[in-house]
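Asker: Here you go, this is query24.cif (mmCIF, C-alpha atoms; chains and numbers go by the auth columns).
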data_coords
#
loop_
_atom_site.group_PDB
_atom_site.id
_atom_site.type_symbol
_atom_site.label_atom_id
_atom_site.label_comp_id
_atom_site.label_asym_id
_atom_site.label_seq_id
_atom_site.Cartn_x
_atom_site.Cartn_y
_atom_site.Cartn_z
_atom_site.B_iso_or_equiv
_atom_site.auth_seq_id
_atom_site.auth_asym_id
ATOM 1 C CA GLU A 1 0.000 0.000 0.000 0.00 7 N
ATOM 2 C CA PRO A 2 1.443 3.411 -0.926 0.00 8 N
ATOM 3 C CA GLU A 3 2.404 5.647 1.981 0.00 9 N
ATOM 4 C CA VAL A 4 3.272 9.250 2.616 0.00 10 N
ATOM 5 C CA THR A 5 6.881 9.564 3.748 0.00 11 N
ATOM 6 C CA GLN A 6 8.558 12.340 5.710 0.00 12 N
ATOM 7 C CA THR A 7 12.136 13.298 6.477 0.00 13 N
ATOM 8 C CA PRO A 8 13.764 13.779 8.842 0.00 14 N
ATOM 9 C CA SER A 9 11.990 11.844 11.575 0.00 15 N
ATOM 10 C CA HIS A 10 13.487 14.164 14.197 0.00 16 N
ATOM 11 C CA GLN A 11 14.949 17.634 13.746 0.00 17 N
ATOM 12 C CA VAL A 12 16.657 19.579 16.507 0.00 18 N
ATOM 13 C CA THR A 13 17.389 23.231 15.879 0.00 19 N
ATOM 14 C CA GLN A 14 18.323 26.416 17.671 0.00 20 N
ATOM 15 C CA MET A 15 15.780 29.179 18.117 0.00 21 N
ATOM 16 C CA GLY A 16 15.925 31.585 15.194 0.00 22 N
ATOM 17 C CA GLN A 17 17.225 29.029 12.721 0.00 23 N
ATOM 18 C CA GLU A 18 15.450 28.027 9.551 0.00 24 N
ATOM 19 C CA VAL A 19 14.195 24.478 9.114 0.00 25 N
ATOM 20 C CA ILE A 20 12.808 22.643 6.129 0.00 26 N
ATOM 21 C CA LEU A 21 10.613 19.625 6.660 0.00 27 N
ATOM 22 C CA ARG A 22 10.203 17.325 3.714 0.00 28 N
ATOM 23 C CA CYS A 23 7.378 15.126 2.565 0.00 29 N
ATOM 24 C CA VAL A 24 6.777 12.805 -0.348 0.00 30 N
ATOM 25 C CA PRO A 25 3.004 12.497 -0.865 0.00 31 N
ATOM 26 C CA ILE A 26 1.330 9.513 -2.466 0.00 32 N
ATOM 27 C CA SER A 27 2.024 9.825 -6.167 0.00 33 N
ATOM 28 C CA ASN A 28 -1.460 10.165 -7.634 0.00 34 N
ATOM 29 C CA HIS A 29 -2.791 12.461 -4.920 0.00 35 N
ATOM 30 C CA LEU A 30 -3.619 16.050 -5.738 0.00 36 N
ATOM 31 C CA TYR A 31 -4.162 17.662 -2.347 0.00 37 N
ATOM 32 C CA PHE A 32 -1.364 18.108 0.167 0.00 38 N
ATOM 33 C CA TYR A 33 -1.453 19.308 3.729 0.00 39 N
ATOM 34 C CA TRP A 34 0.645 20.129 6.731 0.00 40 N
ATOM 35 C CA TYR A 35 -0.594 19.647 10.262 0.00 41 N
ATOM 36 C CA ARG A 36 1.132 20.036 13.569 0.00 42 N
ATOM 37 C CA GLN A 37 0.564 18.372 16.918 0.00 43 N
ATOM 38 C CA ILE A 38 2.028 19.834 20.054 0.00 44 N
ATOM 39 C CA LEU A 39 2.828 17.071 22.523 0.00 45 N
ATOM 40 C CA GLY A 40 -0.332 15.772 24.169 0.00 46 N
ATOM 41 C CA GLN A 41 -2.625 18.015 22.164 0.00 47 N
ATOM 42 C CA LYS A 42 -4.854 17.676 19.144 0.00 48 N
ATOM 43 C CA VAL A 43 -3.838 17.706 15.519 0.00 49 N
ATOM 44 C CA GLU A 44 -4.000 21.264 14.141 0.00 50 N
ATOM 45 C CA PHE A 45 -4.355 22.233 10.505 0.00 51 N
ATOM 46 C CA LEU A 46 -1.649 24.493 9.068 0.00 52 N
ATOM 47 C CA VAL A 47 -2.080 24.657 5.310 0.00 53 N
ATOM 48 C CA SER A 48 -3.484 22.897 2.274 0.00 54 N
ATOM 49 C CA PHE A 49 -1.963 22.958 -1.188 0.00 55 N
ATOM 50 C CA TYR A 50 -3.560 22.185 -4.529 0.00 56 N
ATOM 51 C CA ASN A 51 -2.590 22.862 -8.112 0.00 57 N
ATOM 52 C CA ASN A 52 0.720 24.354 -7.047 0.00 58 N
ATOM 53 C CA GLU A 53 -0.714 26.924 -4.719 0.00 59 N
ATOM 54 C CA ILE A 54 -1.996 27.316 -1.192 0.00 60 N
ATOM 55 C CA SER A 55 -5.730 26.714 -1.101 0.00 61 N
ATOM 56 C CA GLU A 56 -6.292 27.312 2.607 0.00 62 N
ATOM 57 C CA LYS A 57 -4.249 28.201 5.638 0.00 63 N
ATOM 58 C CA SER A 58 -4.928 28.581 9.322 0.00 64 N
ATOM 59 C CA GLU A 59 -4.053 31.456 11.630 0.00 65 N
ATOM 60 C CA ILE A 60 -1.074 29.404 12.810 0.00 66 N
ATOM 61 C CA PHE A 61 0.436 29.575 9.318 0.00 67 N
ATOM 62 C CA ASP A 62 1.891 33.065 9.544 0.00 68 N
ATOM 63 C CA ASP A 63 4.643 34.745 7.543 0.00 69 N
ATOM 64 C CA GLN A 64 7.276 32.542 9.166 0.00 70 N
ATOM 65 C CA PHE A 65 5.866 29.530 7.347 0.00 71 N
ATOM 66 C CA SER A 66 5.982 28.689 3.670 0.00 72 N
ATOM 67 C CA VAL A 67 5.311 25.624 1.559 0.00 73 N
ATOM 68 C CA GLU A 68 6.692 24.554 -1.740 0.00 74 N
ATOM 69 C CA ARG A 69 6.429 21.733 -4.217 0.00 75 N
ATOM 70 C CA PRO A 70 9.850 22.066 -5.788 0.00 76 N
ATOM 71 C CA ASP A 71 9.481 19.078 -8.107 0.00 77 N
ATOM 72 C CA GLY A 72 6.913 16.469 -8.984 0.00 78 N
ATOM 73 C CA SER A 73 7.345 14.452 -5.819 0.00 79 N
ATOM 74 C CA ASN A 74 8.410 16.563 -2.823 0.00 80 N
ATOM 75 C CA PHE A 75 6.305 18.872 -0.683 0.00 81 N
ATOM 76 C CA THR A 76 8.166 20.979 1.857 0.00 82 N
ATOM 77 C CA LEU A 77 7.333 23.114 4.870 0.00 83 N
ATOM 78 C CA LYS A 78 9.804 25.841 5.736 0.00 84 N
ATOM 79 C CA ILE A 79 9.898 27.702 9.021 0.00 85 N
ATOM 80 C CA ARG A 80 12.099 30.746 8.569 0.00 86 N
ATOM 81 C CA SER A 81 12.985 31.688 12.112 0.00 87 N
ATOM 82 C CA THR A 82 11.973 29.001 14.569 0.00 88 N
ATOM 83 C CA LYS A 83 10.551 29.808 17.974 0.00 89 N
ATOM 84 C CA LEU A 84 10.402 27.613 21.056 0.00 90 N
ATOM 85 C CA GLU A 85 6.657 27.209 20.570 0.00 91 N
ATOM 86 C CA ASP A 86 7.225 25.696 17.124 0.00 92 N
ATOM 87 C CA SER A 87 8.348 22.519 18.853 0.00 93 N
ATOM 88 C CA ALA A 88 5.815 19.895 17.816 0.00 94 N
ATOM 89 C CA MET A 89 5.226 16.902 15.615 0.00 95 N
ATOM 90 C CA TYR A 90 4.584 18.004 12.052 0.00 96 N
ATOM 91 C CA PHE A 91 2.494 15.705 9.894 0.00 97 N
ATOM 92 C CA CYS A 92 2.245 15.882 6.157 0.00 98 N
ATOM 93 C CA ALA A 93 -0.843 14.408 4.530 0.00 99 N
ATOM 94 C CA SER A 94 -2.042 13.837 1.012 0.00 100 N
ATOM 95 C CA SER A 95 -5.492 13.097 -0.278 0.00 101 N
ATOM 96 C CA ALA A 96 -7.487 11.952 -3.252 0.00 102 N
ATOM 97 C CA GLY A 97 -10.590 11.627 -1.084 0.00 103 N
ATOM 98 C CA GLU A 98 -9.398 9.791 1.986 0.00 104 N
ATOM 99 C CA LYS A 99 -6.526 11.512 3.709 0.00 105 N
ATOM 100 C CA PHE A 100 -3.281 9.702 4.451 0.00 106 N
ATOM 101 C CA PHE A 101 -0.865 11.010 7.050 0.00 107 N
ATOM 102 C CA GLY A 102 2.881 10.685 6.951 0.00 108 N
ATOM 103 C CA PRO A 103 4.787 9.377 9.974 0.00 109 N
ATOM 104 C CA GLY A 104 5.611 12.884 11.144 0.00 110 N
ATOM 105 C CA THR A 105 8.718 14.916 11.883 0.00 111 N
ATOM 106 C CA ARG A 106 9.379 15.769 15.492 0.00 112 N
ATOM 107 C CA LEU A 107 10.758 19.294 15.602 0.00 113 N
ATOM 108 C CA THR A 108 12.545 20.368 18.760 0.00 114 N
ATOM 109 C CA VAL A 109 13.539 24.009 19.051 0.00 115 N
ATOM 110 C CA LEU A 110 16.090 24.754 21.743 0.00 116 N
ATOM 111 C CA GLY B 1 -15.320 28.287 11.626 0.00 29 W
ATOM 112 C CA GLU B 2 -15.992 24.743 12.714 0.00 30 W
ATOM 113 C CA ASN B 3 -15.636 23.802 16.369 0.00 31 W
ATOM 114 C CA VAL B 4 -15.461 20.162 17.391 0.00 32 W
ATOM 115 C CA GLU B 5 -15.872 19.138 21.005 0.00 33 W
ATOM 116 C CA GLN B 6 -14.892 15.633 22.089 0.00 34 W
ATOM 117 C CA HIS B 7 -15.612 13.755 25.320 0.00 35 W
ATOM 118 C CA PRO B 8 -14.334 12.191 27.416 0.00 36 W
ATOM 119 C CA SER B 9 -10.670 13.174 27.369 0.00 37 W
ATOM 120 C CA THR B 10 -9.741 9.887 29.027 0.00 38 W
ATOM 121 C CA LEU B 11 -11.626 6.609 29.014 0.00 39 W
ATOM 122 C CA SER B 12 -10.547 3.571 30.948 0.00 40 W
ATOM 123 C CA VAL B 13 -12.289 0.228 30.375 0.00 41 W
ATOM 124 C CA GLN B 14 -11.758 -3.433 31.069 0.00 42 W
ATOM 125 C CA GLU B 15 -10.974 -5.775 28.216 0.00 43 W
ATOM 126 C CA GLY B 16 -14.205 -6.978 26.670 0.00 44 W
ATOM 127 C CA ASP B 17 -16.209 -3.921 27.672 0.00 45 W
ATOM 128 C CA SER B 18 -17.589 -1.407 25.190 0.00 46 W
ATOM 129 C CA ALA B 19 -16.220 2.102 24.779 0.00 47 W
ATOM 130 C CA VAL B 20 -18.105 5.129 23.494 0.00 48 W
ATOM 131 C CA ILE B 21 -16.563 8.438 22.486 0.00 49 W
ATOM 132 C CA LYS B 22 -18.791 11.381 21.677 0.00 50 W
ATOM 133 C CA CYS B 23 -18.251 14.467 19.557 0.00 51 W
ATOM 134 C CA THR B 24 -20.284 17.515 18.682 0.00 52 W
ATOM 135 C CA TYR B 25 -19.725 19.946 15.867 0.00 53 W
ATOM 136 C CA SER B 26 -20.918 23.459 15.194 0.00 54 W
ATOM 137 C CA ASP B 27 -20.970 23.939 11.418 0.00 55 W
ATOM 138 C CA SER B 28 -24.182 22.536 9.940 0.00 56 W
ATOM 139 C CA ALA B 29 -22.460 22.488 6.522 0.00 57 W
ATOM 140 C CA SER B 30 -20.019 19.802 7.684 0.00 58 W
ATOM 141 C CA ASN B 31 -20.810 16.555 5.948 0.00 59 W
ATOM 142 C CA TYR B 32 -17.840 14.263 6.477 0.00 60 W
ATOM 143 C CA PHE B 33 -16.829 12.855 9.846 0.00 61 W
ATOM 144 C CA PRO B 34 -13.691 10.709 10.038 0.00 62 W
ATOM 145 C CA TRP B 35 -12.297 9.051 13.125 0.00 63 W
ATOM 146 C CA TYR B 36 -8.577 8.587 13.597 0.00 64 W
ATOM 147 C CA LYS B 37 -6.621 6.316 15.919 0.00 65 W
ATOM 148 C CA GLN B 38 -3.205 7.497 17.010 0.00 66 W
ATOM 149 C CA GLU B 39 -0.907 5.154 18.848 0.00 67 W
ATOM 150 C CA LEU B 40 1.872 6.665 20.912 0.00 68 W
ATOM 151 C CA GLY B 41 4.474 8.326 18.712 0.00 69 W
ATOM 152 C CA LYS B 42 2.766 7.308 15.489 0.00 70 W
ATOM 153 C CA ARG B 43 0.727 8.970 12.784 0.00 71 W
ATOM 154 C CA PRO B 44 -3.065 9.285 12.943 0.00 72 W
ATOM 155 C CA GLN B 45 -4.707 6.433 11.075 0.00 73 W
ATOM 156 C CA LEU B 46 -8.204 6.618 9.684 0.00 74 W
ATOM 157 C CA ILE B 47 -10.286 3.840 11.232 0.00 75 W
ATOM 158 C CA ILE B 48 -13.797 4.684 10.108 0.00 76 W
ATOM 159 C CA ASP B 49 -15.691 7.582 8.606 0.00 77 W
ATOM 160 C CA ILE B 50 -19.274 8.573 7.985 0.00 78 W
ATOM 161 C CA ARG B 51 -20.935 11.005 5.637 0.00 79 W
ATOM 162 C CA SER B 52 -23.952 13.090 6.410 0.00 80 W
ATOM 163 C CA ASN B 53 -26.291 11.049 4.244 0.00 81 W
ATOM 164 C CA VAL B 54 -25.732 8.037 6.495 0.00 82 W
ATOM 165 C CA GLY B 55 -26.878 7.633 10.099 0.00 83 W
ATOM 166 C CA GLU B 56 -24.758 4.687 11.121 0.00 84 W
ATOM 167 C CA LYS B 57 -21.814 2.739 9.805 0.00 85 W
ATOM 168 C CA LYS B 58 -20.218 -0.388 11.184 0.00 86 W
ATOM 169 C CA ASP B 59 -16.943 -2.169 10.549 0.00 87 W
ATOM 170 C CA GLN B 60 -16.435 -5.269 12.673 0.00 88 W
ATOM 171 C CA ARG B 61 -16.034 -4.082 16.283 0.00 89 W
ATOM 172 C CA ILE B 62 -16.260 -0.389 15.549 0.00 90 W
ATOM 173 C CA ALA B 63 -19.283 1.639 14.600 0.00 91 W
ATOM 174 C CA VAL B 64 -20.047 5.296 14.181 0.00 92 W
ATOM 175 C CA THR B 65 -23.391 7.035 14.514 0.00 93 W
ATOM 176 C CA LEU B 66 -24.346 10.481 13.312 0.00 94 W
ATOM 177 C CA ASN B 67 -27.207 12.698 14.376 0.00 95 W
ATOM 178 C CA LYS B 68 -27.246 15.649 11.989 0.00 96 W
ATOM 179 C CA THR B 69 -30.101 17.409 13.718 0.00 97 W
ATOM 180 C CA ALA B 70 -28.299 17.446 17.031 0.00 98 W
ATOM 181 C CA LYS B 71 -24.888 17.839 15.351 0.00 99 W
ATOM 182 C CA HIS B 72 -23.269 15.018 17.218 0.00 100 W
ATOM 183 C CA PHE B 73 -21.555 11.791 16.263 0.00 101 W
ATOM 184 C CA SER B 74 -20.133 8.944 18.277 0.00 102 W
ATOM 185 C CA LEU B 75 -17.615 6.142 18.007 0.00 103 W
ATOM 186 C CA HIS B 76 -18.517 2.798 19.513 0.00 104 W
ATOM 187 C CA ILE B 77 -15.966 0.058 20.102 0.00 105 W
ATOM 188 C CA THR B 78 -17.299 -3.284 21.280 0.00 106 W
ATOM 189 C CA GLU B 79 -15.371 -6.144 22.860 0.00 107 W
ATOM 190 C CA THR B 80 -12.396 -3.902 23.504 0.00 108 W
ATOM 191 C CA GLN B 81 -8.911 -5.363 23.426 0.00 109 W
ATOM 192 C CA PRO B 82 -5.636 -4.026 24.892 0.00 110 W
ATOM 193 C CA GLU B 83 -4.450 -3.172 21.384 0.00 111 W
ATOM 194 C CA ASP B 84 -7.357 -0.737 21.095 0.00 112 W
ATOM 195 C CA SER B 85 -5.510 1.448 23.611 0.00 113 W
ATOM 196 C CA ALA B 86 -4.644 4.687 21.815 0.00 114 W
ATOM 197 C CA VAL B 87 -5.771 8.274 21.386 0.00 115 W
ATOM 198 C CA TYR B 88 -8.850 8.609 19.215 0.00 116 W
ATOM 199 C CA PHE B 89 -9.635 11.822 17.379 0.00 117 W
ATOM 200 C CA CYS B 90 -12.938 12.718 15.820 0.00 118 W
ATOM 201 C CA ALA B 91 -13.076 15.287 13.053 0.00 119 W
ATOM 202 C CA ALA B 92 -15.618 17.198 11.009 0.00 120 W
ATOM 203 C CA SER B 93 -15.164 18.543 7.532 0.00 121 W
ATOM 204 C CA ARG B 94 -17.022 20.784 5.081 0.00 122 W
ATOM 205 C CA PRO B 95 -17.797 19.656 1.564 0.00 123 W
ATOM 206 C CA GLY B 96 -15.345 20.449 -1.197 0.00 124 W
ATOM 207 C CA GLY B 97 -12.423 18.836 -2.960 0.00 125 W
ATOM 208 C CA SER B 98 -9.834 19.924 -0.429 0.00 126 W
ATOM 209 C CA TYR B 99 -11.513 18.677 2.688 0.00 127 W
ATOM 210 C CA ILE B 100 -9.864 19.997 5.800 0.00 128 W
ATOM 211 C CA PRO B 101 -11.100 18.335 8.943 0.00 129 W
ATOM 212 C CA THR B 102 -11.284 20.144 12.226 0.00 130 W
ATOM 213 C CA PHE B 103 -10.126 17.739 14.893 0.00 131 W
ATOM 214 C CA GLY B 104 -11.483 17.172 18.354 0.00 132 W
ATOM 215 C CA ARG B 105 -9.060 17.258 21.271 0.00 133 W
ATOM 216 C CA GLY B 106 -8.768 13.498 21.424 0.00 134 W
ATOM 217 C CA THR B 107 -9.750 10.740 23.813 0.00 135 W
ATOM 218 C CA SER B 108 -7.115 8.608 25.421 0.00 136 W
ATOM 219 C CA LEU B 109 -8.600 5.100 25.573 0.00 137 W
ATOM 220 C CA ILE B 110 -6.978 2.665 27.977 0.00 138 W
ATOM 221 C CA VAL B 111 -8.082 -0.957 27.837 0.00 139 W
ATOM 222 C CA HIS B 112 -6.984 -2.929 30.865 0.00 140 W
ATOM 223 C CA PRO B 113 -6.371 -6.658 30.299 0.00 141 W
#
Translate the structure described by the file into structure tokens.

Answerer:
Amino acid sequence: EPEVTQTPSHQVTQMGQEVILRCVPISNHLYFYWYRQILGQKVEFLVSFYNNEISEKSEIFDDQFSVERPDGSNFTLKIRSTKLEDSAMYFCASSAGEKFFGPGTRLTVL
Amino acid sequence: GENVEQHPSTLSVQEGDSAVIKCTYSDSASNYFPWYKQELGKRPQLIIDIRSNVGEKKDQRIAVTLNKTAKHFSLHITETQPEDSAVYFCAASRPGGSYIPTFGRGTSLIVHP
């Protein structure tokens, strides 16, 4: 069964540094998403992406965040200047109806 | 926007008992209600879903019911097993190609052997 993959599985960074989280969605899916989950809390929507542009974003997705589909397979989330409160698990998901989540990247900002 | 409330936050049952998790939603336009199971440190996995044109759906030991008038939906797990222990999230989503579910806060289900 095809799966969404994410790299790295764990990213540790210093406050103020830029990070790029990478995702490879399922190949025939058209919708892509990023979610985050702060430890012990619910899954929160960040952004959706369709037809090479952002289709929706939440209030969490401020100017520090950006997404890109640099080629036909990768989907990235960039955080320009990380803050302590950005520490969370970040899940990528793709959908062609049913939504499939990747395994997540645990981001730790020190 | 949509607001999804989920109860209880923690549910502890004995193996073999039934477990029920309840959610309410606020947006009457929501028409898709998935349930996800998240084991510790793992990704959310879709376990069952229901659309607004259906009142109940069952898949082996799990079932989901939907009451559109009252705007609530529930997950029922019968004959619980220790491997059912996980956090369960309900979600509600509006119609449209890019469905974006709003998640509940999650219920930590503990099944004691």

Asker: Could you name the residues that touch segment 87-91 of chain N at 8 Å or less, counting only C-alpha atoms, but leaving out those on the same chain fewer than 5 positions away, as JSON, numbers by chain?

Answerer: {"N": [20, 21, 22, 23, 24, 25, 70, 114, 115, 116]}

Asker: Could you write out as an NGL selection string the residues of chain N within 12 Å of chain W, counting only C-alpha atoms?

Answerer: :N and (9-12 or 15-16 or 35-57 or 60-65 or 94-112)

Asker: Between W:Asn59, W:Ser121, W:Thr52, W:Ser46, which is the closest to Ala91 of chain W once you count all atoms listed in the file?

Answerer: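 Checking each of W:Asn59, W:Ser121, W:Thr52, W:Ser46 against Ala91 of chain W, counting all atoms listed in the file, the winner is W:Ser46.
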
Asker: Any chance you could resolve the PyMOL selection byres ((chain W and resi 78) around 10) against this file and give the residues as number ranges by chain?

Answerer: W: 59-63, 76-77, 79-86, 91-94, 101, 120

Asker: Give the centre and edge lengths of an axis-aligned box, in Å to one decimal, that holds all listed atoms of segment 14-22 of chain N with 3 Å on each side, as AutoDock Vina command-line options.

Answerer:
--center_x 15.2 --center_y 21.7 --center_z 13.5 --size_x 12.3 --size_y 25.7 --size_z 15.3

Asker: Just to confirm, what's the straight-line distance from atom CA of Gln34 of chain W to atom CA of Ala98 of chain W in Å (one decimal)?

Answerer: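 Calculated distance between atom CA of Gln34 of chain W and atom CA of Ala98 of chain W is 14.4 Å.
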
Asker: Could you jot down the atom CA of Pro76 of chain N to atom CA of Gln17 of chain N separation for me, Å, one decimal place?

Answerer: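 Atom CA of Gln17 of chain N lies 20.7 Å from atom CA of Pro76 of chain N.
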
Asker: Can you measure atom CA of Lys99 of chain W to atom CA of Ser40 of chain W for me? One decimal in Å is fine.

Answerer: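 That distance, rounded to one decimal, is 25.5 Å.
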
Asker: For the PyMOL selection byres ((chain W and resi 54) around 6), applied here, can you spell out every residue it catches as a PDB file with C-alpha atoms, in the frame of the given file?

Answerer:
ATOM      1  CA  GLU W  30     -15.992  24.743  12.714  1.00  0.00           C
ATOM      2  CA  ASN W  31     -15.636  23.802  16.369  1.00  0.00           C
ATOM      3  CA  TYR W  53     -19.725  19.946  15.867  1.00  0.00           C
ATOM      4  CA  ASP W  55     -20.970  23.939  11.418  1.00  0.00           C
TER       5      ASP W  55
END

Asker: For a quick check of understanding, using all atoms listed in the file, which of N:Thr19, N:Ser93, N:Ser79, N:Thr13 has the smallest distance to Asn58 of chain N?

Answerer: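 Under the stated criterion, the closest residue is N:Ser79.
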
Asker: Give the answer as one residue: which of W:Ile138, W:Thr108, W:Ala114, W:Asp87 has the shortest atom-to-atom distance to Glu43 of chain W, using only C-alpha atoms?

Answerer: W:Thr108

Asker: Applying 12 Å and all atoms listed in the file, which residues near Pro141 of chain W remain after dropping the ones on its own chain fewer than 3 positions away? List them as a list in words.

Answerer: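 Residues near the query, excluding close chain neighbours: Ser40, Val41, Gln42, Glu43, Gly44, Asp45, Glu107, Thr108, Gln109, Pro110, Glu111, Asp112, Ser113 and Ile138 of chain W.
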
Asker: Show which residues sit within 7 Å of Ala47 of chain W, as a CSV table (one decimal) with C-alpha atoms, in the frame of the given file. Count only C-alpha atoms, and ignore same-chain residues fewer than 6 positions away.

Answerer:
chain,number,residue,atom,x,y,z
W,104,HIS,CA,-18.5,2.8,19.5
W,105,ILE,CA,-16.0,0.1,20.1
W,106,THR,CA,-17.3,-3.3,21.3

Asker: Would you mind writing segment 72-87 of chain W with N, CA, C and O atoms, as a CSV table (one decimal), in the coordinates of the input?

Answerer:
chain,number,residue,atom,x,y,z
W,72,PRO,N,-1.6,9.6,12.9
W,72,PRO,CA,-3.1,9.3,12.9
W,72,PRO,C,-3.5,8.4,11.8
W,72,PRO,O,-3.0,8.6,10.7
W,73,GLN,N,-4.2,7.4,12.1
W,73,GLN,CA,-4.7,6.4,11.1
W,73,GLN,C,-6.2,6.5,11.0
W,73,GLN,O,-6.9,6.4,12.1
W,74,LEU,N,-6.8,6.6,9.8
W,74,LEU,CA,-8.2,6.6,9.7
W,74,LEU,C,-8.7,5.2,10.0
W,74,LEU,O,-8.2,4.2,9.5
W,75,ILE,N,-9.7,5.2,10.9
W,75,ILE,CA,-10.3,3.8,11.2
W,75,ILE,C,-11.7,3.7,10.7
W,75,ILE,O,-12.1,2.6,10.4
W,76,ILE,N,-12.4,4.7,10.6
W,76,ILE,CA,-13.8,4.7,10.1
W,76,ILE,C,-14.2,6.1,9.8
W,76,ILE,O,-13.7,7.1,10.4
W,77,ASP,N,-15.2,6.3,8.9
W,77,ASP,CA,-15.7,7.6,8.6
W,77,ASP,C,-17.2,7.5,8.3
W,77,ASP,O,-17.7,6.4,8.0
W,78,ILE,N,-17.8,8.6,8.3
W,78,ILE,CA,-19.3,8.6,8.0
W,78,ILE,C,-19.6,9.9,7.3
W,78,ILE,O,-19.0,10.9,7.6
W,79,ARG,N,-20.5,9.8,6.3
W,79,ARG,CA,-20.9,11.0,5.6
W,79,ARG,C,-22.3,11.4,6.1
W,79,ARG,O,-23.1,10.5,6.6
W,80,SER,N,-22.7,12.6,5.8
W,80,SER,CA,-24.0,13.1,6.4
W,80,SER,C,-25.2,12.5,5.8
W,80,SER,O,-26.3,12.6,6.4
W,81,ASN,N,-25.1,11.7,4.8
W,81,ASN,CA,-26.3,11.0,4.2
W,81,ASN,C,-26.5,9.7,4.8
W,81,ASN,O,-27.4,8.9,4.4
W,82,VAL,N,-25.7,9.3,5.8
W,82,VAL,CA,-25.7,8.0,6.5
W,82,VAL,C,-25.9,8.3,8.0
W,82,VAL,O,-25.2,9.1,8.6
W,83,GLY,N,-26.7,7.5,8.7
W,83,GLY,CA,-26.9,7.6,10.1
W,83,GLY,C,-26.0,6.8,10.9
W,83,GLY,O,-25.7,7.1,12.1
W,84,GLU,N,-25.6,5.6,10.4
W,84,GLU,CA,-24.8,4.7,11.1
W,84,GLU,C,-23.9,3.9,10.2
W,84,GLU,O,-24.3,3.6,9.0
W,85,LYS,N,-22.7,3.6,10.6
W,85,LYS,CA,-21.8,2.7,9.8
W,85,LYS,C,-21.1,1.8,10.7
W,85,LYS,O,-20.6,2.2,11.8
W,86,LYS,N,-20.9,0.6,10.3
W,86,LYS,CA,-20.2,-0.4,11.2
W,86,LYS,C,-19.1,-1.1,10.4
W,86,LYS,O,-19.3,-1.4,9.2
W,87,ASP,N,-18.0,-1.4,11.1
W,87,ASP,CA,-16.9,-2.2,10.5
W,87,ASP,C,-16.4,-3.0,11.7
W,87,ASP,O,-15.6,-2.6,12.5
